[in-house]
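Let me begin by presenting the structure, written as structure tokens, before commenting on it.
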Amino acid sequence: MDWAGILSESARQFVGIQAMYFAIAAIGLNIHFGFTGLLNFGHAGFLAVGAYGLGVTVFWLEWPWWVGIIVGLLASIVFALILGIPTLRLRADYLAIVTIAAAEIVRISVRTTALADVTGGSNGLNGFNRDFTALNPYNDSFLGFRPDQLWPLTVGWIIVLLSVGVTYLLMRSPWGRVLKAVREDEDAARALGKNAYSIKMQSLILGGIFGALAGMIWVLAQGSIQPSPQDFGAPKTFFIWVAMILGGTGRLWGPVIGSMIFSALLQFTDLTLRGAVSAGYIPEWLMDGVQVGQMRFILMGLGLMLLMVFRPQGIFGDRREMALDV
Amino acid sequence: MSEQELNPVFEGVSPTAGSAKPDAILTADKVTRRFGGLTAVNVDHLEIQRGVITGLIGPNGAGKTTFFNLMTGFDTPNEGTWNFDGIDVGKLPAHVVARKGMVRTFQLTKALSRLSVIDNMKLGAMQQTGESFFKAFVKGLWSAEEKAIEQRADELLERFKLSHMREEFAGTLSGGQRKLLEMARALMTDPKLIMLDEPMAGVNPALTQSLLGHVKSLRDEGRTVVFVEHDMDVVRDISDWVVVMAEGSVIAEGSHASIGANQAVIDAYLGTSHDQALDFNEEDGEDA
């Protein structure tokens, strides 16, 4: 087995495309869940709304890509309002149900044949990133990343840093304090004159904007949009949740570090298992190369369980917080 | 504990349910709240005198907490109007009612567990500039205000003997300390009327005395206090006026002395007509 290759390939995933857009998405989810306590189980819906807002604007309306970015962001705000207006006055679980359903509605709507002219139907969209890639200043590979990967990576990690900056500025302010108060006890916040409904809506919109940004930079890097469950379905949402929990919810850098480790670990288990199978360390009757794809998720799941048992607060969390009776 | 004199503002106020007060801060009229077939609250008329401590008592299920919820906007009545300090607050949501100056605490204490004690306190300050989304980004816009709030919070923590817990998570406080924190936090809002829902429940006797002192000091600052309590010693000790609820209605009002002698109150607490012989021949015999 080529351990050096496996390790260097895995290490690159600390800063790869997946770590980058997961970080942005998880920062948004962290604002929802970590700071406000909103149970958003449809974060992939925000990624989809952003990605399709961009893709449809460029592909169907044939407007420039930066207009597509604005459309994607506005669409995510509208999406947040649609989710929030009926549910945020109700108990927290209602938002969970509505978000999980709404994300599926978005994904299934865009792949209907009736909308094929607009959204590309089940074939998805591509070619919408030409103008973006044309701006690429890189000519050489770096750290094994091709120039066409380096460009979205650069833009993406700048967005990550800006998102962390925005989160930092907000969470040290009285606004962030109200957010956390609503997370702890909404009625107590209302009794102190805080408009819980309004602040939850602001949180839902802000986190949703980060989700849309993640979706957009991801499809710009990928060059295509596929309405598949892996890309915009519940599995995507829950991977973002895992990344956030891994890093530590309600922590500034938690989602970023969590996404980096999640992506690297996923790559590491994949390559290790694959190498072990092809080298014959794992006998054919136990597992073959095709099953590696599923096996690595089983291992990730096991790892997450162990994390919850031994370090429920995540990497950055504060053990004292978990000990509190909330 | 010695029997207190009647607070002079109540001279001439008739000790009957729904009596008029010389200067009412809260006036409720025909407030009804039904849960299905159960009428939880059915208050015909009630006035709360400004600047005194009013105790609200009654057996379990009398509708005291529901009445609190209604007055503070945490629940919506089926019908009824009420007026706080000259404003009709009947249709306002809870946070707006709080901003008008009627602030409540909860029977089950709501400490914001994963916020520090000082953050709990600072949250209480009303209408902070930095609570607006866009202004939150620019620290310069709210840092001076924040400093003033922090100073006020520290003064209150000092007064409520919580200074040593300043940086701890509120979730680490004991039950009694949480009651203190909740009261102190409510004071950060600078309320005109503070409604305490069972402020002494689950508090050890040593701390009860200091909590009682704090409640009295609220009155001395010119605030109005309404509190729900089951412990009659506490009620006798601190309240200037007592309102008794039973089965959703106000059945009696007055000084402790007059309440203690009131037949309707005794009936509400102990059941009616225990000393009368049961008459099986009468068709409309009384229920126990």
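Labels for the structure tokens follow display order: chains A, B, ..., residues from 1 in each chain, ligands from 1.
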Q: Pull out every residue of chain B that has at least one atom within 7 Å of chain A, counting only C-alpha atoms, and report them as a ChimeraX atom specification.
A: /B:94-96,98-99,103-104,110,112-114,123-124,126,130-133,136-137,171-172,186,189
Q: Would you kindly return, as number ranges by chain, each protein, DNA or RNA residue with an atom no farther than 9 Å from any atom of range 290-306 of chain A, considering only C-alpha atoms and excluding same-chain residues fewer than 3 positions away?
A: A: 242, 245-246, 262, 265-271, 273-274, 277, 287, 309-312
I need the residues from that last selection saved to file as an mmCIF file, in the first residue's frame (with N, CA and C atoms), if you can.
data_model
loop_
_atom_site.group_PDB
_atom_site.id
_atom_site.type_symbol
_atom_site.label_atom_id
_atom_site.label_comp_id
_atom_site.auth_asym_id
_atom_site.auth_seq_id
_atom_site.Cartn_x
_atom_site.Cartn_y
_atom_site.Cartn_z
ATOM 1 N N VAL A 242 -22.865 16.767 10.329
ATOM 2 C CA VAL A 242 -21.752 16.016 10.931
ATOM 3 C C VAL A 242 -20.522 16.911 11.033
ATOM 4 N N ILE A 245 -21.008 19.403 13.876
ATOM 5 C CA ILE A 245 -20.948 18.790 15.212
ATOM 6 C C ILE A 245 -19.512 18.355 15.541
ATOM 7 N N LEU A 246 -18.837 17.847 14.509
ATOM 8 C CA LEU A 246 -17.445 17.435 14.679
ATOM 9 C C LEU A 246 -16.595 18.595 15.197
ATOM 10 N N PHE A 262 -13.606 16.476 8.478
ATOM 11 C CA PHE A 262 -14.582 15.579 7.872
ATOM 12 C C PHE A 262 -14.137 15.176 6.457
ATOM 13 N N LEU A 265 -10.899 13.015 6.530
ATOM 14 C CA LEU A 265 -11.169 11.666 7.049
ATOM 15 C C LEU A 265 -11.898 10.804 6.028
ATOM 16 N N LEU A 266 -12.846 11.440 5.345
ATOM 17 C CA LEU A 266 -13.610 10.711 4.336
ATOM 18 C C LEU A 266 -12.670 10.203 3.249
ATOM 19 N N GLN A 267 -11.771 11.066 2.823
ATOM 20 C CA GLN A 267 -10.807 10.687 1.795
ATOM 21 C C GLN A 267 -9.855 9.604 2.313
ATOM 22 N N PHE A 268 -9.434 9.774 3.573
ATOM 23 C CA PHE A 268 -8.476 8.836 4.158
ATOM 24 C C PHE A 268 -9.074 7.432 4.263
ATOM 25 N N THR A 269 -10.300 7.335 4.786
ATOM 26 C CA THR A 269 -10.918 6.011 4.917
ATOM 27 C C THR A 269 -11.135 5.395 3.543
ATOM 28 N N ASP A 270 -11.527 6.219 2.595
ATOM 29 C CA ASP A 270 -11.773 5.731 1.243
ATOM 30 C C ASP A 270 -10.500 5.137 0.638
ATOM 31 N N LEU A 271 -9.422 5.926 0.672
ATOM 32 C CA LEU A 271 -8.171 5.475 0.052
ATOM 33 C C LEU A 271 -7.569 4.287 0.793
ATOM 34 N N LEU A 273 -9.146 1.980 2.632
ATOM 35 C CA LEU A 273 -9.919 0.766 2.362
ATOM 36 C C LEU A 273 -9.661 0.256 0.947
ATOM 37 N N ARG A 274 -9.664 1.184 -0.002
ATOM 38 C CA ARG A 274 -9.427 0.819 -1.389
ATOM 39 C C ARG A 274 -8.051 0.158 -1.557
ATOM 40 N N VAL A 277 -8.018 -3.285 -0.013
ATOM 41 C CA VAL A 277 -8.725 -4.277 -0.827
ATOM 42 C C VAL A 277 -7.849 -4.709 -2.002
ATOM 43 N N MET A 287 -15.067 -7.856 1.579
ATOM 44 C CA MET A 287 -15.430 -6.567 0.985
ATOM 45 C C MET A 287 -14.706 -6.423 -0.348
ATOM 46 N N VAL A 309 -20.094 9.981 22.239
ATOM 47 C CA VAL A 309 -19.968 9.353 23.547
ATOM 48 C C VAL A 309 -18.835 9.990 24.348
ATOM 49 N N PHE A 310 -17.684 10.177 23.686
ATOM 50 C CA PHE A 310 -16.507 10.601 24.443
ATOM 51 C C PHE A 310 -16.232 12.103 24.385
ATOM 52 N N ARG A 311 -16.718 12.758 23.375
ATOM 53 C CA ARG A 311 -16.506 14.192 23.287
ATOM 54 C C ARG A 311 -17.727 14.847 22.638
ATOM 55 N N PRO A 312 -18.849 14.857 23.351
ATOM 56 C CA PRO A 312 -20.104 15.319 22.749
ATOM 57 C C PRO A 312 -20.053 16.787 22.342
#
Q: Could you tell me how far CA of Phe239 in chain A lies from CA of Gly314 in chain A, in Å and to one decimal?
A: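 About the pair CA of Phe239 in chain A and CA of Gly314 in chain A: they are 14.8 Å apart.
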Q) Could you pull out the alpha helix (DSSP H) residues of range 17-161 of chain A from DSSP and send them as number ranges by chain? A) A: 17-29, 36, 43-59, 65-87, 92-110, 116-119, 130-134, 147-161
Q.
When you look at Ser10 in chain A with a cut-off of 8 Å (counting only C-alpha atoms), what residues show up, excluding the ones that are within fewer than 2 positions of it in the same chain? I need them as a list in words.
A. Ile6, Leu7, Ser8, Arg12, Gln13, Phe14, Ala264, Leu265, Gln267 and Phe268 of chain A
Q.
My list of candidates is A:Leu95, A:Leu252, A:Ile85, A:Ala221. Which is closest to Tyr197 in chain A when distances are computed with only C-alpha atoms?
A.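 Nearest to Tyr197 in chain A: A:Ile85.
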